[in-house]
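**Student:** So here's coords-v6.csv, just CSV, C-alpha atoms and all ligand atoms:
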chain,number,residue,atom,x,y,z
L,1,MET,CA,58.8,4.6,-26.4
L,2,SER,CA,59.2,8.4,-26.8
L,3,GLY,CA,58.7,11.0,-24.0
L,4,LYS,CA,55.5,12.6,-22.8
L,5,ARG,CA,55.5,15.8,-24.9
L,6,THR,CA,55.4,16.8,-28.5
L,7,PHE,CA,54.9,20.0,-30.5
L,8,THR,CA,52.4,20.6,-33.3
L,9,MET,CA,51.2,23.4,-35.6
L,10,ILE,CA,47.9,23.5,-37.4
L,11,LYS,CA,49.2,24.9,-40.7
L,12,PRO,CA,47.8,27.8,-42.8
L,13,ASP,CA,45.8,25.6,-45.2
L,14,ALA,CA,43.9,23.9,-42.3
L,15,VAL,CA,43.3,27.2,-40.5
L,16,GLU,CA,42.1,28.8,-43.8
L,17,SER,CA,39.7,25.9,-44.5
L,18,GLY,CA,38.1,26.3,-41.1
L,19,ASN,CA,39.4,23.0,-39.6
L,20,ILE,CA,41.0,24.2,-36.3
L,21,GLY,CA,38.2,22.9,-34.2
L,22,ASN,CA,37.9,19.5,-36.1
L,23,ILE,CA,41.7,18.9,-35.8
L,24,LEU,CA,41.8,19.8,-32.1
L,25,GLN,CA,38.9,17.5,-31.5
L,26,MET,CA,40.8,14.6,-33.2
L,27,ILE,CA,43.9,15.4,-31.1
L,28,SER,CA,41.8,15.5,-27.9
L,29,ASN,CA,40.0,12.2,-28.8
L,30,ALA,CA,43.4,10.6,-29.3
L,31,GLY,CA,44.2,11.2,-25.7
L,32,PHE,CA,46.5,14.3,-25.9
L,33,SER,CA,46.2,17.2,-23.5
L,34,ILE,CA,47.2,20.7,-24.3
L,35,LYS,CA,50.0,22.2,-22.2
L,36,ALA,CA,50.3,25.5,-24.2
L,37,MET,CA,48.5,26.9,-27.3
L,38,LYS,CA,48.5,30.0,-29.4
L,39,PHE,CA,47.0,31.4,-32.6
L,40,THR,CA,49.8,33.2,-34.3
L,41,GLN,CA,51.6,33.8,-37.7
L,42,LEU,CA,55.2,33.1,-38.6
L,43,SER,CA,57.1,35.9,-40.4
L,44,GLU,CA,59.1,34.8,-43.4
L,45,GLU,CA,62.2,35.0,-41.3
L,46,ARG,CA,60.8,32.9,-38.5
L,47,ALA,CA,59.5,30.3,-41.0
L,48,LYS,CA,63.0,30.1,-42.5
L,49,ALA,CA,64.5,29.5,-39.0
L,50,PHE,CA,61.9,26.9,-38.0
L,51,TYR,CA,62.6,24.9,-41.1
L,52,ALA,CA,66.3,25.6,-41.4
L,53,VAL,CA,67.0,21.9,-41.4
L,54,HIS,CA,65.3,21.7,-44.8
L,55,ALA,CA,67.3,24.7,-46.2
L,56,GLU,CA,69.0,22.6,-48.9
L,57,ARG,CA,65.8,20.9,-50.1
L,58,PRO,CA,64.2,21.9,-53.4
L,59,PHE,CA,60.9,22.7,-51.7
L,60,TYR,CA,62.3,25.0,-49.0
L,61,GLY,CA,61.3,28.3,-50.6
L,62,LYS,CA,57.7,27.2,-51.2
L,63,LEU,CA,57.6,25.8,-47.7
L,64,VAL,CA,58.7,29.0,-46.1
L,65,ASP,CA,56.2,31.0,-48.3
L,66,TYR,CA,53.3,28.7,-47.4
L,67,MET,CA,54.1,28.6,-43.6
L,68,SER,CA,54.3,32.4,-43.4
L,69,SER,CA,51.2,32.9,-45.7
L,70,GLY,CA,48.6,33.0,-43.0
L,71,PRO,CA,47.8,32.2,-39.3
L,72,ILE,CA,48.7,29.0,-37.6
L,73,VAL,CA,47.9,27.3,-34.3
L,74,ALA,CA,51.0,26.3,-32.3
L,75,ALA,CA,50.7,23.9,-29.4
L,76,ILE,CA,52.6,21.7,-26.9
L,77,LEU,CA,50.8,18.4,-26.3
L,78,GLU,CA,51.1,15.8,-23.6
L,79,LYS,CA,50.5,12.0,-23.7
L,80,ASP,CA,52.6,8.9,-23.0
L,81,ASN,CA,54.7,8.1,-26.1
L,82,ALA,CA,53.7,11.6,-27.4
L,83,VAL,CA,56.1,12.0,-30.4
L,84,GLU,CA,55.5,8.6,-31.9
L,85,ASP,CA,51.7,8.5,-31.2
L,86,PHE,CA,51.2,11.9,-32.7
L,87,ARG,CA,53.1,11.0,-35.9
L,88,THR,CA,50.7,8.0,-36.2
L,89,LEU,CA,47.7,10.3,-35.6
L,90,ILE,CA,48.7,12.7,-38.3
L,91,GLY,CA,49.8,10.2,-41.0
L,92,SER,CA,52.4,10.4,-43.7
L,93,THR,CA,53.7,13.7,-45.1
L,94,ASP,CA,51.9,13.1,-48.4
L,95,PRO,CA,48.1,12.7,-47.8
L,96,ALA,CA,48.0,10.4,-50.8
L,97,GLU,CA,50.1,8.0,-48.8
L,98,ALA,CA,48.6,8.7,-45.3
L,99,ALA,CA,46.6,5.9,-43.6
L,100,GLU,CA,42.8,6.2,-43.5
L,101,GLY,CA,41.5,8.2,-40.6
L,102,THR,CA,44.6,10.2,-40.0
L,103,ILE,CA,44.5,14.0,-39.8
L,104,ARG,CA,46.5,14.5,-43.0
L,105,LYS,CA,44.4,11.9,-44.9
L,106,ILE,CA,41.2,13.8,-43.9
L,107,TYR,CA,42.4,17.5,-44.0
L,108,ALA,CA,45.6,17.9,-46.0
L,109,GLU,CA,45.5,19.4,-49.5
L,110,SER,CA,48.8,18.1,-50.7
L,111,LYS,CA,52.3,16.9,-49.7
L,112,GLY,CA,53.3,20.6,-49.3
L,113,ARG,CA,50.1,22.0,-47.8
L,114,ASN,CA,49.5,19.1,-45.4
L,115,ALA,CA,47.4,20.6,-42.5
L,116,VAL,CA,49.6,19.8,-39.5
L,117,HIS,CA,53.1,19.6,-38.2
L,118,GLY,CA,54.3,17.0,-35.7
L,119,SER,CA,57.8,16.8,-34.1
L,120,ASP,CA,59.9,13.9,-35.2
L,121,SER,CA,61.9,13.3,-31.9
L,122,ASP,CA,61.8,14.2,-28.3
L,123,GLU,CA,64.8,16.5,-28.8
L,124,ASN,CA,63.1,18.4,-31.7
L,125,ALA,CA,59.8,18.6,-29.7
L,126,LYS,CA,61.7,20.5,-27.0
L,127,ILE,CA,63.5,22.8,-29.5
L,128,GLU,CA,60.3,23.5,-31.4
L,129,GLY,CA,58.2,24.1,-28.3
L,130,GLU,CA,60.8,26.6,-27.1
L,131,PHE,CA,60.8,28.2,-30.5
L,132,HIS,CA,57.1,29.2,-29.9
L,133,PHE,CA,56.6,29.4,-26.2
L,134,TYR,CA,58.3,30.9,-23.1
L,135,ALA,CA,58.6,28.6,-20.2
L,136,ASN,CA,56.0,30.5,-18.2
L,137,GLU,CA,53.4,29.9,-21.0
L,138,VAL,CA,53.6,26.2,-20.6
L,139,ILE,CA,51.6,24.4,-18.0
Q,201,LIG,P1,57.0,15.9,-41.9
Q,201,LIG,O1,56.2,17.3,-41.7
Q,201,LIG,O2,56.0,14.8,-42.2
Q,201,LIG,O3,57.9,15.7,-40.8
Q,201,LIG,P2,59.3,16.7,-43.5
Q,201,LIG,O4,60.0,15.8,-44.4
Q,201,LIG,O5,59.9,17.0,-42.2
Q,201,LIG,O6,57.8,16.1,-43.3
Q,201,LIG,O7,59.0,18.0,-44.3
Q,201,LIG,C1,58.6,19.2,-43.6
Q,201,LIG,C2,57.4,19.8,-44.4
Q,201,LIG,O8,57.9,20.2,-45.7
Q,201,LIG,C3,56.3,18.9,-44.8
Q,201,LIG,O9,55.3,18.7,-43.7
Q,201,LIG,C4,55.7,19.5,-46.0
Q,201,LIG,O10,54.9,20.7,-45.6
Q,201,LIG,C5,56.9,20.0,-46.7
Q,201,LIG,N1,57.4,19.1,-47.7
Q,201,LIG,C6,58.1,17.9,-47.4
Q,201,LIG,N2,58.4,17.2,-48.5
Q,201,LIG,C7,57.9,18.0,-49.5
Q,201,LIG,C8,57.8,17.8,-51.0
Q,201,LIG,O11,58.4,16.8,-51.5
Q,201,LIG,N3,57.2,18.8,-51.7
Q,201,LIG,C9,56.7,19.9,-51.1
Q,201,LIG,N4,56.6,20.1,-49.8
Q,201,LIG,C10,57.2,19.1,-49.0
Q,202,MG,MG,59.6,16.7,-40.2
Before we go any further, please render this structure as structure tokens.
**Tutor:**
Amino acid sequence: MSGKRTFTMIKPDAVESGNIGNILQMISNAGFSIKAMKFTQLSEERAKAFYAVHAERPFYGKLVDYMSSGPIVAAILEKDNAVEDFRTLIGSTDPAEAAEGTIRKIYAESKGRNAVHGSDSDENAKIEGEFHFYANEVI
């Protein structure tokens, strides 16, 4: 069982296609509550820093370009077993492999432009939340 909080971003493709509301509705229906949220845009430098762990991967340059290409929604979410349950809600990285009814299956365009981010561990949820929010912005 993971902890009570996770971090998410609604990525530029899903913002551009007008799906912020639909995705937030799915997150809410799945039992997550929002502890902090903002509409923002990553600079190229901040996108590089956020995804630094992927710096050696062949898709890193494209990922940074995409994630800094337009606005995103960043949010800290709360629910029991948050990290694991949110990864289940969003589905596999590649929408072609994602389970029916998951956010990525419904809204992602491709493995790269895949609608949402979800932290992969409690430790990264904390690091990623603190990347986007000051402590006094979190309920
Ligand atoms: P995750 O978002 O499901 O945790 P990661 O492997 O952590 O997936 O990759 C981070 C992000 O990098 C993905 O969400 C996706 O946007 C992009 N990405 C991952 N693998 C590929 C790939 O093979 N081609 C293009 N983009 C990729
Ligand atoms: Mg990941």
**Student:** Let me make sure I understand: among L:Ala47, L:Met67, L:Ala98, L:Ile139, which one has the smallest atom-to-atom distance to Lys111 of chain L if we use all atoms listed in the file?
**Tutor:**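 The answer is L:Ala98, which sits nearest to Lys111 of chain L.
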**Student:** Can you work out the spacing between atom CA of Phe59 of chain L and atom CA of Met26 of chain L in Å, to one decimal?
**Tutor:**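 The value is 28.5 Å.
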**Student:** Let me see if you get this right: every residue at most 9 Å from ligand LIG 201 (chain Q), counting only C-alpha atoms and all ligand atoms, written as an NGL selection string.
**Tutor:** :L and (11 or 51 or 53-54 or 57-60 or 62-64 or 66-67 or 87 or 90-94 or 110-120)
**Student:** Return the single residue from L:Glu130, L:Asp122, L:Glu137, L:Glu100 that is closest to Asp85 of chain L, with distances computed using all atoms listed in the file.
**Tutor:**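 Of the candidates, the smallest distance to Asp85 of chain L is held by L:Asp122.
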**Student:** List as a PDB file with C-alpha atoms, keeping the file's coordinate frame the protein and nucleic acid residues near Ser69 of chain L, meaning an atom at most 9 Å away when all atoms listed in the file are counted, but skip any in the same chain fewer than 6 places from it.
**Tutor:**
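Contents of the output file out_11.pdb:
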ATOM      1  CA  PRO L  12      47.800  27.800 -42.800  1.00  0.00           C
ATOM      2  CA  GLN L  41      51.600  33.800 -37.700  1.00  0.00           C
ATOM      3  CA  LEU L  42      55.200  33.100 -38.600  1.00  0.00           C
ATOM      4  CA  SER L  43      57.100  35.900 -40.400  1.00  0.00           C
ATOM      5  CA  GLU L  44      59.100  34.800 -43.400  1.00  0.00           C
TER       6      GLU L  44
END
**Student:** If you measure from atom CA of Ser17 of chain L to atom CA of Asp65 of chain L, what distance in Å do you get, rounded to one decimal?
**Tutor:**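 Distance between the two atoms: 17.7 Å.
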**Student:** Atom CA of Gly18 of chain L and atom CA of Ser68 of chain L are how many Å apart?
**Tutor:**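 Atom-to-atom, atom CA of Gly18 of chain L and atom CA of Ser68 of chain L are spaced 17.5 Å apart.
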**Student:** For a quick check of understanding, using all atoms listed in the file, which of L:Ala82, L:Ala99, L:Val73, L:Ala36 has the smallest distance to Arg5 of chain L?
**Tutor:**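 Under the stated criterion, the closest residue is L:Ala82.
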**Student:** Please list as a list in words every residue within 6 Å of Lys4 of chain L, counting all atoms listed in the file and excluding residues in the same chain fewer than 3 positions away.
**Tutor:**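 The contact residues come out as Glu78, Lys79, Asp80, Asn81 and Ala82 of chain L.
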**Student:** Of the residues L:Leu77, L:Met9, L:Ile23, L:Val138, which is the one nearest to ligand MG 202 (chain Q), using only C-alpha atoms and all ligand atoms?
**Tutor:**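 Closest candidate: L:Met9.
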**Student:** Smallest atom-to-atom distance to Ala30 of chain L: which of L:Ser2, L:Thr102, L:Glu97, L:Glu16, using only C-alpha atoms?
**Tutor:**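 Nearest candidate to Ala30 of chain L out of L:Ser2, L:Thr102, L:Glu97, L:Glu16: L:Thr102.
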**Student:** When you count all atoms listed in the file, which of these residues is closest to ligand MG 202 (chain Q): L:Thr88, L:Asn124, L:Thr40, L:Asn22?
**Tutor:** L:Asn124
**Student:** Applying 9 Å and only C-alpha atoms, which residues near Asn19 of chain L remain after dropping the ones on its own chain fewer than 6 positions away? List them as number ranges by chain.
**Tutor:** L: 10, 13, 107, 115
